[in-house]
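Asker: Got a structure here, written out as structure tokens. Questions coming.
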Amino acid sequence: MATSKRQSVLPRVHSGPKAPVNFSSSITIAESALLTGNHTINISSESVVHPRAKLHSSNGRITIGRRCIVHERTTIGATPKDLEPSESRDGGVVLGDYVTVEVGADIESGGTVIGDGCHIGVGSRVGRGAKLGKHCVLTPKSTVRPEEVVPDFTVIYSNGIRRPDRRGVIDLKNKAQARQIEVLRKLIPSNPAKFQP
């Protein structure tokens with residue numbers, strides 16, 4: 001009896017050039033994450049990159065801070081969709097420390113900065129060149145327009161309403177994130193060597 005290898009129902013991933021990387025020795029990165037591009041991808045200590053997360057450094061360097069979590073089906077360094085041919089696509093993405101990027105979120109390249117402690121909700125989109133202050137929260141399906149500057153401690157809802165976040169739970173959030181990373185390190189098989197040159 002012949003056995004055949006089980007095929008995935010997911011479409012094949014078309015990858016580009018293998019990106020140069022600079023990893024901390026304590027990161028957790030799934031073997032099925034996709035890292036492509038010409039610029040360096042830096043991932044700092046104790047950060048976690050889930051399976052099927054996409055990091056594209058074609059338009060600029062990607063820097064991920066300490067204790068960040070990048071969930072599956074996210075795209076960091078996405079090519080901006082609304083650029084005119086004359087506009088520049090240059091510039092990367094910087095994620096501060098303790099940032100969480102939830103499932104299906106897109107962060108466009110172009111000098112985009114996500115401040116420390118931000119939470120990017122499921123299916124949210126951050127436009128090119130946007131600057132999010134520290135500890136901002138994007139609820140699911142929220143959008144930050146290109147070049148927009150969002151002040152520290154802002155909550156953005158999917159319907160566009162914004163309010164200041166006065167909960168004062170930064171230390172609790174950071175401790176919870178550290179505990180979540182401990183669990184994820186046990187659950188996600190990590191293979192950083194796959195991405196090294």
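Residues in the structure tokens are numbered from 1 in each chain, the chains being A, B, ... in the order shown, and ligands are numbered from 1 in the order shown.
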Step one, run DSSP on the backbone; step two, keep only residues of range 38-103 of chain A assigned to strand (DSSP E or B); then write them as JSON, numbers by chain.
Answerer: {"A": [41, 42, 43, 48, 49, 54, 55, 56, 57, 62, 63, 64, 69, 70, 75, 76, 77, 78, 93, 94, 95, 100, 101]}
Asker: With C-alpha atoms retained, write the just-selected residues as a short mmCIF file (atom, residue, chain, number, x, y, z; two decimals), in the first residue's frame.
Answerer:
```
data_model
loop_
_atom_site.label_atom_id
_atom_site.label_comp_id
_atom_site.auth_asym_id
_atom_site.auth_seq_id
_atom_site.Cartn_x
_atom_site.Cartn_y
_atom_site.Cartn_z
CA ILE A 41 15.70 42.23 10.01
CA ASN A 42 16.68 42.74 13.68
CA ILE A 43 14.80 40.85 16.40
CA VAL A 48 8.33 35.59 19.58
CA VAL A 49 7.45 35.26 15.88
CA LYS A 54 5.60 37.61 7.24
CA LEU A 55 8.42 40.10 7.65
CA HIS A 56 9.29 41.90 4.39
CA SER A 57 12.37 44.13 4.41
CA ILE A 62 12.76 45.98 10.23
CA THR A 63 13.59 46.30 13.92
CA ILE A 64 11.58 44.39 16.54
CA ILE A 69 4.89 39.00 20.03
CA VAL A 70 4.18 38.82 16.28
CA THR A 75 2.66 41.26 7.71
CA ILE A 76 5.34 43.63 8.94
CA GLY A 77 6.90 45.75 6.22
CA ALA A 78 3.94 45.43 3.85
CA VAL A 93 9.43 49.52 10.38
CA VAL A 94 10.44 49.87 14.04
CA LEU A 95 8.54 48.08 16.81
CA THR A 100 1.94 42.78 20.37
CA VAL A 101 0.85 42.48 16.74
#
```
Asker: Which residues come within 9 Å of Ser26 in chain A, counting only C-alpha atoms, excluding same-chain residues fewer than 3 positions away, as a compact mmCIF listing (two decimals) with N, CA, C and O atoms, in the first residue's frame?
Answerer:
```txt
# COMPACT_ATOMS: atom_id res chain seq x y z
N PHE A 23 19.63 38.29 14.91
CA PHE A 23 18.76 37.79 15.96
C PHE A 23 19.47 37.77 17.30
O PHE A 23 20.65 37.43 17.38
N SER A 44 15.04 41.52 18.72
CA SER A 44 15.69 41.61 20.02
C SER A 44 15.27 40.48 20.96
O SER A 44 14.39 39.68 20.65
N SER A 45 15.87 40.47 22.13
CA SER A 45 15.75 39.36 23.08
C SER A 45 14.33 39.05 23.52
O SER A 45 13.51 39.95 23.70
N GLU A 46 14.07 37.76 23.65
CA GLU A 46 12.83 37.19 24.17
C GLU A 46 11.59 37.51 23.34
O GLU A 46 10.48 37.40 23.82
N SER A 47 11.76 37.92 22.09
CA SER A 47 10.61 38.16 21.22
C SER A 47 10.18 36.85 20.58
O SER A 47 10.96 35.92 20.46
```
Asker: Would you mind reading off the distance between CA of Asp171 in chain A and CA of Cys136 in chain A, one decimal, in Å?
Answerer: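 Between CA of Asp171 in chain A and CA of Cys136 in chain A the gap is 14.5 Å.
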Asker: Interatomic distance between CA of His119 in chain A and CA of Glu102 in chain A?
Answerer: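 Taking CA of His119 in chain A as the start and CA of Glu102 in chain A as the end point, the length is 7.7 Å.
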Asker: What does the distance from CA of Ile107 in chain A to CA of Ser124 in chain A come to in Å, to one decimal?
Answerer: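 Atom-to-atom, CA of Ile107 in chain A and CA of Ser124 in chain A are spaced 8.4 Å apart.
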Asker: Could you please write out, as number ranges by chain, every residue of chain A that DSSP assigns to alpha helix (DSSP H)?
Answerer: A: 170-187
Asker: I want to know what sits within 10 Å of Ala30 in chain A, based on only C-alpha atoms, with residues of the same chain fewer than 2 positions away left out; could you give that as a list of chain:residue names?
Answerer: A:Ile27, A:Thr28, A:Ser32, A:Ala33, A:Leu34, A:Val48, A:Val49, A:His50, A:Pro51, A:Arg52, A:Ala53, A:Glu72, A:Ile188, A:Pro189, A:Ser190, A:Asn191, A:Pro192, A:Lys194
Asker: Closest to Gly115 in chain A among A:Arg66, A:Arg167, A:Arg73, A:Lys175, using only C-alpha atoms?
Answerer: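 Distance minimum relative to Gly115 in chain A lands on A:Arg66.
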Asker: Give me the residues within 9 Å of range 152-156 of chain A as a list in words, counting only C-alpha atoms and dropping any in the same chain fewer than 3 places off.
Answerer: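 Result of the neighbour search: Gly115, Cys118, Leu132, Gly133, Lys134, His135, Cys136, Val137, Leu138, Thr139, Ser142, Thr143, Val144, Asn159, Gly160, Ile161, Arg162, Arg163, Pro164, Asp165 and Arg166 of chain A.
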Asker: Convert the current residue selection to file output with N, CA, C and O atoms, as a tab-separated table (two decimals), in the first residue's frame.
Answerer:
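So selection.tsv came out as:
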```tsv
chain	number	residue	atom	x	y	z
A	115	GLY	N	5.35	52.52	19.00
A	115	GLY	CA	5.97	52.79	20.30
A	115	GLY	C	5.92	51.61	21.26
A	115	GLY	O	5.18	50.64	21.05
A	118	CYS	N	2.68	48.98	22.67
A	118	CYS	CA	1.47	49.10	21.83
A	118	CYS	C	0.86	47.72	21.57
A	118	CYS	O	1.56	46.71	21.58
A	132	LEU	N	3.08	55.69	16.04
A	132	LEU	CA	2.24	55.44	17.20
A	132	LEU	C	3.06	55.70	18.45
A	132	LEU	O	4.17	55.19	18.57
A	133	GLY	N	2.50	56.47	19.39
A	133	GLY	CA	3.18	56.74	20.64
A	133	GLY	C	3.22	55.49	21.51
A	133	GLY	O	2.76	54.42	21.13
A	134	LYS	N	3.72	55.64	22.71
A	134	LYS	CA	3.84	54.51	23.64
A	134	LYS	C	2.46	54.08	24.15
A	134	LYS	O	1.59	54.91	24.37
A	135	HIS	N	2.29	52.78	24.31
A	135	HIS	CA	1.13	52.15	24.95
A	135	HIS	C	-0.20	52.50	24.28
A	135	HIS	O	-1.20	52.68	24.95
A	136	CYS	N	-0.19	52.56	22.95
A	136	CYS	CA	-1.44	52.75	22.20
A	136	CYS	C	-2.10	51.40	21.98
A	136	CYS	O	-1.42	50.37	21.95
A	137	VAL	N	-3.41	51.40	21.83
A	137	VAL	CA	-4.17	50.18	21.59
A	137	VAL	C	-5.02	50.38	20.35
A	137	VAL	O	-5.80	51.34	20.29
A	138	LEU	N	-4.87	49.50	19.37
A	138	LEU	CA	-5.76	49.48	18.21
A	138	LEU	C	-6.68	48.29	18.39
A	138	LEU	O	-6.22	47.15	18.49
A	139	THR	N	-7.98	48.55	18.45
A	139	THR	CA	-8.93	47.45	18.59
A	139	THR	C	-9.01	46.72	17.25
A	139	THR	O	-8.53	47.22	16.23
A	142	SER	N	-9.00	48.09	13.19
A	142	SER	CA	-8.76	49.53	13.21
A	142	SER	C	-7.77	49.91	12.12
A	142	SER	O	-7.02	49.08	11.63
A	143	THR	N	-7.76	51.20	11.77
A	143	THR	CA	-6.85	51.69	10.74
A	143	THR	C	-6.18	52.97	11.23
A	143	THR	O	-6.85	53.85	11.76
A	144	VAL	N	-4.87	53.04	11.01
A	144	VAL	CA	-4.12	54.27	11.23
A	144	VAL	C	-3.67	54.72	9.85
A	144	VAL	O	-3.01	53.96	9.12
A	159	ASN	N	-14.27	52.05	14.42
A	159	ASN	CA	-15.15	53.05	13.80
A	159	ASN	C	-14.51	54.43	13.76
A	159	ASN	O	-15.15	55.41	13.39
A	160	GLY	N	-13.23	54.53	14.17
A	160	GLY	CA	-12.49	55.78	14.10
A	160	GLY	C	-12.50	56.60	15.38
A	160	GLY	O	-11.76	57.58	15.49
A	161	ILE	N	-13.32	56.23	16.34
A	161	ILE	CA	-13.36	56.97	17.61
A	161	ILE	C	-12.07	56.71	18.38
A	161	ILE	O	-11.54	55.61	18.37
A	162	ARG	N	-11.59	57.74	19.05
A	162	ARG	CA	-10.37	57.63	19.84
A	162	ARG	C	-10.61	58.18	21.23
A	162	ARG	O	-11.42	59.07	21.42
A	163	ARG	N	-9.88	57.61	22.18
A	163	ARG	CA	-9.97	58.11	23.54
A	163	ARG	C	-8.62	57.88	24.22
A	163	ARG	O	-7.87	56.99	23.84
A	164	PRO	N	-8.32	58.66	25.25
A	164	PRO	CA	-7.08	58.39	26.01
A	164	PRO	C	-7.26	57.16	26.90
A	164	PRO	O	-8.36	56.89	27.39
A	165	ASP	N	-6.18	56.43	27.09
A	165	ASP	CA	-6.20	55.25	27.95
A	165	ASP	C	-5.65	55.66	29.32
A	165	ASP	O	-4.46	55.90	29.47
A	166	ARG	N	-6.51	55.71	30.32
A	166	ARG	CA	-6.11	56.17	31.65
A	166	ARG	C	-6.12	55.03	32.66
A	166	ARG	O	-6.21	55.27	33.86
```
Asker: Which is closer to Pro20 in chain A than all the others in A:Gln196, A:Tyr157, A:Pro80, A:Glu148, using only C-alpha atoms?
Answerer: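 Selected residue with least distance to Pro20 in chain A: A:Gln196.
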